[in-house]
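Chemist: What follows is a single structure, and I will ask about it in a moment.
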Amino acid sequence: MIAAEDFCSELEGRGFHFASGVPCSFFGGPIAHLSRTPGRYVPAANEGGALATAAGAALAGRRSYVMLQNSGLGNLVNPLTSLVMTYRIPVLTFVSLRGWPDPAQDEPQHEVMGTKTIPLLEMFGLPHWLLRADSDAKHFAEILTAAEEAVAAGEAPFVLVEKGAVGKCPATAEERDDRLDSHEVVQLLTELADEAPIVATTGYTGRELFGVSDRPANFYMQGSMGHASSIALGVALADPDRTVVILDGDGAALMHMGTLSVIADQAPANLVHVVLDNGIHESTGGQSTTSGRTRLEEVAAAAGYRSAVRCQTLDEVREQFTAARQSPGPHLRLIPTRARSGPMPPRATATHSPEAMRDRFSAALVASSGSA
């Protein structure tokens with residue numbers, strides 16, 4: 001294992017002073033370490049944006065690297081192939097290997113990309129090396145030396161990182177006692193939603209909903225971060241007479257913020273979009289999002305939502321959610337929440353297979369078709 005501080009200092013010693021990425025628990029240590037010094041790490045909204053940002057820094061003469069999870073590799077393919085590879089912009093990318101070598105040892109959403117990460121890089125002809133959990137500093141240095149040669153040749157090298165290869169260090173998150181407890185918020189929302197279908201984003205949000213009230217009308221999104229709102233939009237447009245609820249997180253909403261514009265353009269009157277905003281990517285280690293500067297309710301209002309309100313108390317949540325269900329939408333309700341504490345419920349896949357969740361959710365939609 002390479003200590004997080006040593007991982008960063010080895011890269012910095014070789015002139016890699018600019019980093020960007022999307023949080024993964026495998027890289028929680030380096031991201032936390034870099035984030036203590038302003039300007040050393042850019043938290044990107046999505047993986048493609050991280051690569052493009054690093055490419056821009058490289059064009060300006062700075063050696064750059066990116067850290068991301070292989071489940072987000074799909075978001076990287078377009079700027080990788082049409083920007084970095086086409087223009088031969090040298091950017092070093094670190095990718096965590098979820099769902100590898102044995103997909104059965106990880107969550108179902110990592111199975112496909114876990115087995116396809118290495119073949120995908122080979123298909124593109126990209127140089128890559130494997131940093132294993134038992135790698136030491138000497139082996140890491142050897143990998144970086146080889147990667148530097150690829151960078152010097154204008155290539156885009158990849159280092160694939162096994163679980164446990166890089167050490168952890170605690171992320172620093174601001175304590176906010178003025179925010180609501182997410183568990184209490186989710187309990188209230190499930191009561192207010194009644195029989196309406198709820199599409200919950202990936203990570204702790206979906207797990208919390210599963211722990212509070214598991215029901216067929218809940219769709220727990222595994223992976224595909226940032227797309228809960230698009231899934232719910234499709235559900236809402238398929239049956240305009242049925243209320244549909246999105247249970248989103250700030251990091252997920254920011255990842256594909258353009259969907260807010262699409263929702264507003266399609267104007268589904270039956271859609272209620274709830275965003276739990278705790279300011280961090282909690283399930284990957286508490287790395288900060290950019291919601292501290294971007295007020296998502298104002299973005300939704302500017303995009304064209306019928307209403308977009310920040311709710312500071314449980315009474316406001318009850319009042320504003322009820323009002324949203326009783327008037328044409330789309331509506332957004334942003335709820336500032338604290339970082340979660342205590343044990344988290346298991347993922348829904350602990351008891352339901354993805355196919356079973358699909359089938360029961362579809363059946364619930366058919367049964368409620370045309371209902372309010």
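Each chain in the structure tokens gets a letter, A, B, ..., in the order shown, and its residues are numbered from 1; ligands are numbered from 1 in order too.
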Select from range 30-223 of chain A everything DSSP, run on the backbone, classes as strand (DSSP E), then give the selection as a ChimeraX atom specification.
Modeler: /A:41-43,63-69,92-96,128-131,158-161,198-200,218-220
Chemist: Any chance you could export the current selection's N, CA and C atoms as an mmCIF file, in the first residue's frame?
Modeler:
data_model
loop_
_atom_site.group_PDB
_atom_site.id
_atom_site.type_symbol
_atom_site.label_atom_id
_atom_site.label_comp_id
_atom_site.auth_asym_id
_atom_site.auth_seq_id
_atom_site.Cartn_x
_atom_site.Cartn_y
_atom_site.Cartn_z
ATOM 1 N N TYR A 41 -6.414 20.611 -6.161
ATOM 2 C CA TYR A 41 -7.370 19.620 -6.659
ATOM 3 C C TYR A 41 -8.659 20.320 -7.080
ATOM 4 N N VAL A 42 -9.138 20.009 -8.292
ATOM 5 C CA VAL A 42 -10.389 20.562 -8.797
ATOM 6 C C VAL A 42 -11.464 19.474 -8.737
ATOM 7 N N PRO A 43 -12.484 19.632 -7.883
ATOM 8 C CA PRO A 43 -13.559 18.627 -7.839
ATOM 9 C C PRO A 43 -14.479 18.800 -9.041
ATOM 10 N N ARG A 63 1.786 19.786 -15.815
ATOM 11 C CA ARG A 63 1.576 18.345 -15.791
ATOM 12 C C ARG A 63 0.347 18.035 -14.948
ATOM 13 N N SER A 64 -0.551 17.226 -15.492
ATOM 14 C CA SER A 64 -1.853 17.039 -14.864
ATOM 15 C C SER A 64 -2.215 15.566 -14.750
ATOM 16 N N TYR A 65 -3.032 15.267 -13.736
ATOM 17 C CA TYR A 65 -3.558 13.915 -13.611
ATOM 18 C C TYR A 65 -4.985 13.940 -13.107
ATOM 19 N N VAL A 66 -5.661 12.819 -13.351
ATOM 20 C CA VAL A 66 -7.073 12.683 -13.035
ATOM 21 C C VAL A 66 -7.267 11.422 -12.202
ATOM 22 N N MET A 67 -8.213 11.463 -11.252
ATOM 23 C CA MET A 67 -8.571 10.294 -10.457
ATOM 24 C C MET A 67 -10.072 10.054 -10.575
ATOM 25 N N LEU A 68 -10.455 8.813 -10.854
ATOM 26 C CA LEU A 68 -11.866 8.504 -11.024
ATOM 27 C C LEU A 68 -12.120 7.015 -10.838
ATOM 28 N N GLN A 69 -13.390 6.677 -10.707
ATOM 29 C CA GLN A 69 -13.812 5.283 -10.551
ATOM 30 C C GLN A 69 -14.111 4.700 -11.924
ATOM 31 N N LEU A 92 -2.291 12.131 -17.416
ATOM 32 C CA LEU A 92 -2.183 10.854 -16.715
ATOM 33 C C LEU A 92 -3.476 10.603 -15.945
ATOM 34 N N THR A 93 -4.053 9.417 -16.113
ATOM 35 C CA THR A 93 -5.328 9.095 -15.470
ATOM 36 C C THR A 93 -5.188 7.880 -14.556
ATOM 37 N N PHE A 94 -5.656 8.038 -13.324
ATOM 38 C CA PHE A 94 -5.729 6.936 -12.360
ATOM 39 C C PHE A 94 -7.182 6.471 -12.281
ATOM 40 N N VAL A 95 -7.395 5.178 -12.452
ATOM 41 C CA VAL A 95 -8.746 4.619 -12.452
ATOM 42 C C VAL A 95 -8.828 3.494 -11.423
ATOM 43 N N SER A 96 -9.788 3.589 -10.519
ATOM 44 C CA SER A 96 -9.980 2.516 -9.541
ATOM 45 C C SER A 96 -10.645 1.326 -10.217
ATOM 46 N N HIS A 128 -1.147 1.246 -20.165
ATOM 47 C CA HIS A 128 -1.713 1.179 -18.817
ATOM 48 C C HIS A 128 -0.901 0.226 -17.955
ATOM 49 N N TRP A 129 -0.942 0.481 -16.657
ATOM 50 C CA TRP A 129 -0.223 -0.324 -15.672
ATOM 51 C C TRP A 129 -1.146 -0.587 -14.492
ATOM 52 N N LEU A 130 -0.851 -1.633 -13.746
ATOM 53 C CA LEU A 130 -1.680 -2.019 -12.607
ATOM 54 C C LEU A 130 -0.937 -1.768 -11.300
ATOM 55 N N LEU A 131 -1.546 -0.966 -10.430
ATOM 56 C CA LEU A 131 -1.020 -0.717 -9.093
ATOM 57 C C LEU A 131 -1.813 -1.585 -8.126
ATOM 58 N N PHE A 158 -2.723 5.335 -18.469
ATOM 59 C CA PHE A 158 -3.643 5.023 -17.381
ATOM 60 C C PHE A 158 -2.931 4.151 -16.351
ATOM 61 N N VAL A 159 -3.206 4.420 -15.070
ATOM 62 C CA VAL A 159 -2.774 3.550 -13.985
ATOM 63 C C VAL A 159 -4.038 3.003 -13.330
ATOM 64 N N LEU A 160 -4.196 1.697 -13.364
ATOM 65 C CA LEU A 160 -5.363 1.034 -12.796
ATOM 66 C C LEU A 160 -5.056 0.660 -11.352
ATOM 67 N N VAL A 161 -5.918 1.070 -10.446
ATOM 68 C CA VAL A 161 -5.624 0.988 -9.020
ATOM 69 C C VAL A 161 -6.545 -0.018 -8.335
ATOM 70 N N ILE A 198 -40.969 6.563 -6.223
ATOM 71 C CA ILE A 198 -39.799 7.358 -5.858
ATOM 72 C C ILE A 198 -38.580 6.764 -6.548
ATOM 73 N N VAL A 199 -37.858 7.592 -7.275
ATOM 74 C CA VAL A 199 -36.601 7.179 -7.895
ATOM 75 C C VAL A 199 -35.476 7.789 -7.072
ATOM 76 N N ALA A 200 -34.684 6.942 -6.412
ATOM 77 C CA ALA A 200 -33.645 7.411 -5.495
ATOM 78 C C ALA A 200 -32.271 7.277 -6.123
ATOM 79 N N ASN A 218 -40.446 1.955 -5.029
ATOM 80 C CA ASN A 218 -39.130 2.615 -4.933
ATOM 81 C C ASN A 218 -38.194 2.022 -5.978
ATOM 82 N N PHE A 219 -37.498 2.879 -6.718
ATOM 83 C CA PHE A 219 -36.443 2.406 -7.609
ATOM 84 C C PHE A 219 -35.118 2.889 -7.056
ATOM 85 N N TYR A 220 -34.310 1.947 -6.568
ATOM 86 C CA TYR A 220 -33.010 2.277 -5.983
ATOM 87 C C TYR A 220 -31.958 2.211 -7.086
#
Chemist: What's the 10 Å shell around Leu296 in chain A, counting only C-alpha atoms, without same-chain residues fewer than 2 positions away, as a ChimeraX atom specification?
Modeler: /A:250,253-254,257,260,275,277,291-294,298-302,308-310,332-334
Chemist: Restricted to N, CA, C and O atoms, what would the selected residues look like written as a short mmCIF file (atom, residue, chain, number, x, y, z; two decimals), in the first residue's frame?
Modeler:
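Final file, again_38.cif:
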data_model
loop_
_atom_site.label_atom_id
_atom_site.label_comp_id
_atom_site.auth_asym_id
_atom_site.auth_seq_id
_atom_site.Cartn_x
_atom_site.Cartn_y
_atom_site.Cartn_z
N ASP A 250 -26.98 16.33 -3.85
CA ASP A 250 -26.37 17.50 -4.49
C ASP A 250 -25.28 17.09 -5.46
O ASP A 250 -25.19 17.63 -6.58
N ALA A 253 -26.97 15.66 -8.59
CA ALA A 253 -27.64 16.69 -9.37
C ALA A 253 -26.63 17.57 -10.11
O ALA A 253 -26.85 17.98 -11.26
N LEU A 254 -25.51 17.85 -9.46
CA LEU A 254 -24.47 18.65 -10.09
C LEU A 254 -23.78 17.91 -11.22
O LEU A 254 -23.34 18.52 -12.20
N MET A 257 -26.11 18.49 -14.39
CA MET A 257 -27.00 19.61 -14.10
C MET A 257 -27.82 20.03 -15.31
O MET A 257 -28.88 20.64 -15.17
N LEU A 260 -31.62 19.46 -15.47
CA LEU A 260 -32.59 20.42 -14.93
C LEU A 260 -33.24 21.21 -16.06
O LEU A 260 -34.45 21.47 -16.05
N VAL A 275 -33.95 17.41 -3.60
CA VAL A 275 -32.50 17.30 -3.52
C VAL A 275 -32.07 17.41 -2.07
O VAL A 275 -32.32 18.44 -1.42
N ASP A 277 -29.16 18.10 0.15
CA ASP A 277 -27.89 18.79 -0.08
C ASP A 277 -27.07 18.81 1.21
O ASP A 277 -27.30 19.63 2.09
N SER A 291 -21.77 22.50 -4.18
CA SER A 291 -23.09 23.07 -3.87
C SER A 291 -23.00 24.23 -2.89
O SER A 291 -23.97 24.97 -2.74
N GLY A 292 -21.85 24.40 -2.23
CA GLY A 292 -21.69 25.53 -1.34
C GLY A 292 -21.74 26.86 -2.07
O GLY A 292 -22.11 27.88 -1.49
N ARG A 293 -21.37 26.85 -3.35
CA ARG A 293 -21.42 28.07 -4.15
C ARG A 293 -22.55 28.06 -5.18
O ARG A 293 -22.91 29.10 -5.71
N THR A 294 -23.06 26.88 -5.48
CA THR A 294 -24.12 26.76 -6.47
C THR A 294 -25.42 26.39 -5.78
O THR A 294 -25.58 25.26 -5.31
N GLU A 298 -31.89 27.78 -7.17
CA GLU A 298 -31.86 28.94 -8.06
C GLU A 298 -31.56 28.53 -9.50
O GLU A 298 -32.08 29.12 -10.44
N VAL A 299 -30.73 27.51 -9.65
CA VAL A 299 -30.46 26.98 -10.99
C VAL A 299 -31.74 26.41 -11.58
O VAL A 299 -32.07 26.65 -12.76
N ALA A 300 -32.48 25.63 -10.78
CA ALA A 300 -33.73 25.05 -11.27
C ALA A 300 -34.74 26.14 -11.64
O ALA A 300 -35.43 26.04 -12.67
N ALA A 301 -34.81 27.18 -10.83
CA ALA A 301 -35.72 28.29 -11.14
C ALA A 301 -35.33 28.96 -12.45
O ALA A 301 -36.17 29.27 -13.30
N ALA A 302 -34.03 29.19 -12.63
CA ALA A 302 -33.55 29.81 -13.86
C ALA A 302 -33.77 28.91 -15.07
O ALA A 302 -34.01 29.39 -16.18
N ALA A 308 -39.19 26.39 -7.20
CA ALA A 308 -37.96 25.83 -6.65
C ALA A 308 -37.70 26.51 -5.32
O ALA A 308 -37.46 27.72 -5.27
N VAL A 309 -37.77 25.73 -4.23
CA VAL A 309 -37.77 26.28 -2.88
C VAL A 309 -36.75 25.55 -2.01
O VAL A 309 -36.62 24.32 -2.08
N ARG A 310 -36.05 26.29 -1.16
CA ARG A 310 -35.15 25.72 -0.15
C ARG A 310 -35.94 25.57 1.15
O ARG A 310 -36.54 26.54 1.65
N LEU A 332 -39.00 21.78 -7.64
CA LEU A 332 -37.79 21.33 -6.95
C LEU A 332 -37.84 21.80 -5.51
O LEU A 332 -38.17 22.96 -5.23
N ARG A 333 -37.51 20.88 -4.62
CA ARG A 333 -37.43 21.19 -3.20
C ARG A 333 -36.02 20.81 -2.72
O ARG A 333 -35.68 19.63 -2.69
N LEU A 334 -35.22 21.81 -2.40
CA LEU A 334 -33.87 21.56 -1.90
C LEU A 334 -33.87 21.59 -0.38
O LEU A 334 -34.40 22.53 0.23
#
Chemist: Can you pull out every residue within 12 Å of range 351-357 of chain A, counting only C-alpha atoms, but drop anything in the same chain fewer than 5 positions away, and send it as number ranges by chain?
Modeler: A: 107-109, 111, 199, 207, 210-211, 214-223, 345-346, 362-364
Chemist: With N, CA, C and O atoms retained, could you export that selection as a PDB file, in the first residue's frame?
Modeler:
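The result, stored in result-v4.pdb:
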ATOM      1  N   GLU A 107     -20.413  -4.789  -5.790  1.00  0.00           N
ATOM      2  CA  GLU A 107     -21.821  -4.549  -6.053  1.00  0.00           C
ATOM      3  C   GLU A 107     -22.155  -4.804  -7.522  1.00  0.00           C
ATOM      4  O   GLU A 107     -21.299  -4.663  -8.400  1.00  0.00           O
ATOM      5  N   PRO A 108     -23.421  -5.173  -7.819  1.00  0.00           N
ATOM      6  CA  PRO A 108     -23.794  -5.548  -9.187  1.00  0.00           C
ATOM      7  C   PRO A 108     -23.514  -4.482 -10.237  1.00  0.00           C
ATOM      8  O   PRO A 108     -23.213  -4.811 -11.383  1.00  0.00           O
ATOM      9  N   GLN A 109     -23.598  -3.189  -9.846  1.00  0.00           N
ATOM     10  CA  GLN A 109     -23.411  -2.137 -10.839  1.00  0.00           C
ATOM     11  C   GLN A 109     -21.972  -2.059 -11.351  1.00  0.00           C
ATOM     12  O   GLN A 109     -21.695  -1.375 -12.329  1.00  0.00           O
ATOM     13  N   GLU A 111     -20.196  -4.856 -12.133  1.00  0.00           N
ATOM     14  CA  GLU A 111     -19.846  -6.104 -12.804  1.00  0.00           C
ATOM     15  C   GLU A 111     -19.404  -5.882 -14.252  1.00  0.00           C
ATOM     16  O   GLU A 111     -18.362  -6.387 -14.684  1.00  0.00           O
ATOM     17  N   VAL A 199     -37.858   7.592  -7.275  1.00  0.00           N
ATOM     18  CA  VAL A 199     -36.601   7.179  -7.895  1.00  0.00           C
ATOM     19  C   VAL A 199     -35.476   7.789  -7.072  1.00  0.00           C
ATOM     20  O   VAL A 199     -35.344   9.019  -7.003  1.00  0.00           O
ATOM     21  N   ARG A 207     -29.773   4.021  -0.073  1.00  0.00           N
ATOM     22  CA  ARG A 207     -29.702   3.104   1.067  1.00  0.00           C
ATOM     23  C   ARG A 207     -30.586   3.585   2.219  1.00  0.00           C
ATOM     24  O   ARG A 207     -31.226   2.780   2.910  1.00  0.00           O
ATOM     25  N   PHE A 210     -34.151   2.825   1.397  1.00  0.00           N
ATOM     26  CA  PHE A 210     -34.351   1.381   1.561  1.00  0.00           C
ATOM     27  C   PHE A 210     -34.534   1.027   3.032  1.00  0.00           C
ATOM     28  O   PHE A 210     -35.397   0.212   3.390  1.00  0.00           O
ATOM     29  N   GLY A 211     -33.746   1.644   3.906  1.00  0.00           N
ATOM     30  CA  GLY A 211     -33.840   1.361   5.329  1.00  0.00           C
ATOM     31  C   GLY A 211     -35.092   1.918   5.972  1.00  0.00           C
ATOM     32  O   GLY A 211     -35.640   1.325   6.907  1.00  0.00           O
ATOM     33  N   ASP A 214     -38.885   0.246   2.509  1.00  0.00           N
ATOM     34  CA  ASP A 214     -38.695  -0.522   1.281  1.00  0.00           C
ATOM     35  C   ASP A 214     -40.055  -0.903   0.721  1.00  0.00           C
ATOM     36  O   ASP A 214     -40.885  -1.492   1.419  1.00  0.00           O
ATOM     37  N   ARG A 215     -40.299  -0.547  -0.525  1.00  0.00           N
ATOM     38  CA  ARG A 215     -41.580  -0.858  -1.170  1.00  0.00           C
ATOM     39  C   ARG A 215     -41.372  -0.998  -2.666  1.00  0.00           C
ATOM     40  O   ARG A 215     -40.392  -0.454  -3.215  1.00  0.00           O
ATOM     41  N   PRO A 216     -42.254  -1.712  -3.354  1.00  0.00           N
ATOM     42  CA  PRO A 216     -42.081  -1.929  -4.793  1.00  0.00           C
ATOM     43  C   PRO A 216     -42.020  -0.648  -5.606  1.00  0.00           C
ATOM     44  O   PRO A 216     -41.377  -0.616  -6.665  1.00  0.00           O
ATOM     45  N   ALA A 217     -42.678   0.415  -5.149  1.00  0.00           N
ATOM     46  CA  ALA A 217     -42.718   1.666  -5.906  1.00  0.00           C
ATOM     47  C   ALA A 217     -41.436   2.489  -5.750  1.00  0.00           C
ATOM     48  O   ALA A 217     -41.348   3.595  -6.275  1.00  0.00           O
ATOM     49  N   ASN A 218     -40.446   1.955  -5.029  1.00  0.00           N
ATOM     50  CA  ASN A 218     -39.130   2.615  -4.933  1.00  0.00           C
ATOM     51  C   ASN A 218     -38.194   2.022  -5.978  1.00  0.00           C
ATOM     52  O   ASN A 218     -38.083   0.798  -6.091  1.00  0.00           O
ATOM     53  N   PHE A 219     -37.498   2.879  -6.718  1.00  0.00           N
ATOM     54  CA  PHE A 219     -36.443   2.406  -7.609  1.00  0.00           C
ATOM     55  C   PHE A 219     -35.118   2.889  -7.056  1.00  0.00           C
ATOM     56  O   PHE A 219     -34.840   4.087  -7.026  1.00  0.00           O
ATOM     57  N   TYR A 220     -34.310   1.947  -6.568  1.00  0.00           N
ATOM     58  CA  TYR A 220     -33.010   2.277  -5.983  1.00  0.00           C
ATOM     59  C   TYR A 220     -31.958   2.211  -7.086  1.00  0.00           C
ATOM     60  O   TYR A 220     -31.593   1.135  -7.537  1.00  0.00           O
ATOM     61  N   MET A 221     -31.477   3.349  -7.508  1.00  0.00           N
ATOM     62  CA  MET A 221     -30.524   3.380  -8.604  1.00  0.00           C
ATOM     63  C   MET A 221     -29.157   2.943  -8.113  1.00  0.00           C
ATOM     64  O   MET A 221     -28.594   3.532  -7.198  1.00  0.00           O
ATOM     65  N   GLN A 222     -28.626   1.888  -8.702  1.00  0.00           N
ATOM     66  CA  GLN A 222     -27.295   1.393  -8.374  1.00  0.00           C
ATOM     67  C   GLN A 222     -26.333   1.922  -9.437  1.00  0.00           C
ATOM     68  O   GLN A 222     -26.450   1.579 -10.608  1.00  0.00           O
ATOM     69  N   GLY A 223     -25.382   2.752  -9.042  1.00  0.00           N
ATOM     70  CA  GLY A 223     -24.476   3.331 -10.020  1.00  0.00           C
ATOM     71  C   GLY A 223     -25.175   4.378 -10.859  1.00  0.00           C
ATOM     72  O   GLY A 223     -26.143   5.005 -10.420  1.00  0.00           O
ATOM     73  N   PRO A 345     -27.996   1.755   6.527  1.00  0.00           N
ATOM     74  CA  PRO A 345     -28.668   0.531   6.083  1.00  0.00           C
ATOM     75  C   PRO A 345     -27.895  -0.095   4.927  1.00  0.00           C
ATOM     76  O   PRO A 345     -27.133   0.580   4.233  1.00  0.00           O
ATOM     77  N   PRO A 346     -28.085  -1.387   4.699  1.00  0.00           N
ATOM     78  CA  PRO A 346     -27.406  -2.029   3.563  1.00  0.00           C
ATOM     79  C   PRO A 346     -27.968  -1.523   2.244  1.00  0.00           C
ATOM     80  O   PRO A 346     -29.025  -0.874   2.205  1.00  0.00           O
ATOM     81  N   SER A 362     -41.615  -1.867 -12.105  1.00  0.00           N
ATOM     82  CA  SER A 362     -42.448  -1.808 -13.307  1.00  0.00           C
ATOM     83  C   SER A 362     -43.862  -2.254 -13.000  1.00  0.00           C
ATOM     84  O   SER A 362     -44.841  -1.648 -13.467  1.00  0.00           O
ATOM     85  N   ALA A 363     -43.982  -3.305 -12.221  1.00  0.00           N
ATOM     86  CA  ALA A 363     -45.321  -3.797 -11.852  1.00  0.00           C
ATOM     87  C   ALA A 363     -46.078  -2.753 -11.028  1.00  0.00           C
ATOM     88  O   ALA A 363     -47.290  -2.565 -11.198  1.00  0.00           O
ATOM     89  N   ALA A 364     -45.369  -2.076 -10.136  1.00  0.00           N
ATOM     90  CA  ALA A 364     -46.004  -1.036  -9.317  1.00  0.00           C
ATOM     91  C   ALA A 364     -46.464   0.124 -10.196  1.00  0.00           C
ATOM     92  O   ALA A 364     -47.531   0.711  -9.962  1.00  0.00           O
TER      93      ALA A 364
END
Chemist: Rank nothing, just name the residue among A:Ser224, A:Thr205, A:Thr284, A:Thr322 nearest to Ile246 in chain A, using only C-alpha atoms.
Modeler: A:Thr205
Chemist: For Thr289 in chain A, please output as JSON, numbers by chain all residues within 7 Å (counting only C-alpha atoms; exclusion window: fewer than 2 positions along the same chain).
Modeler: {"A": [43, 251, 279, 280, 281, 287, 291]}
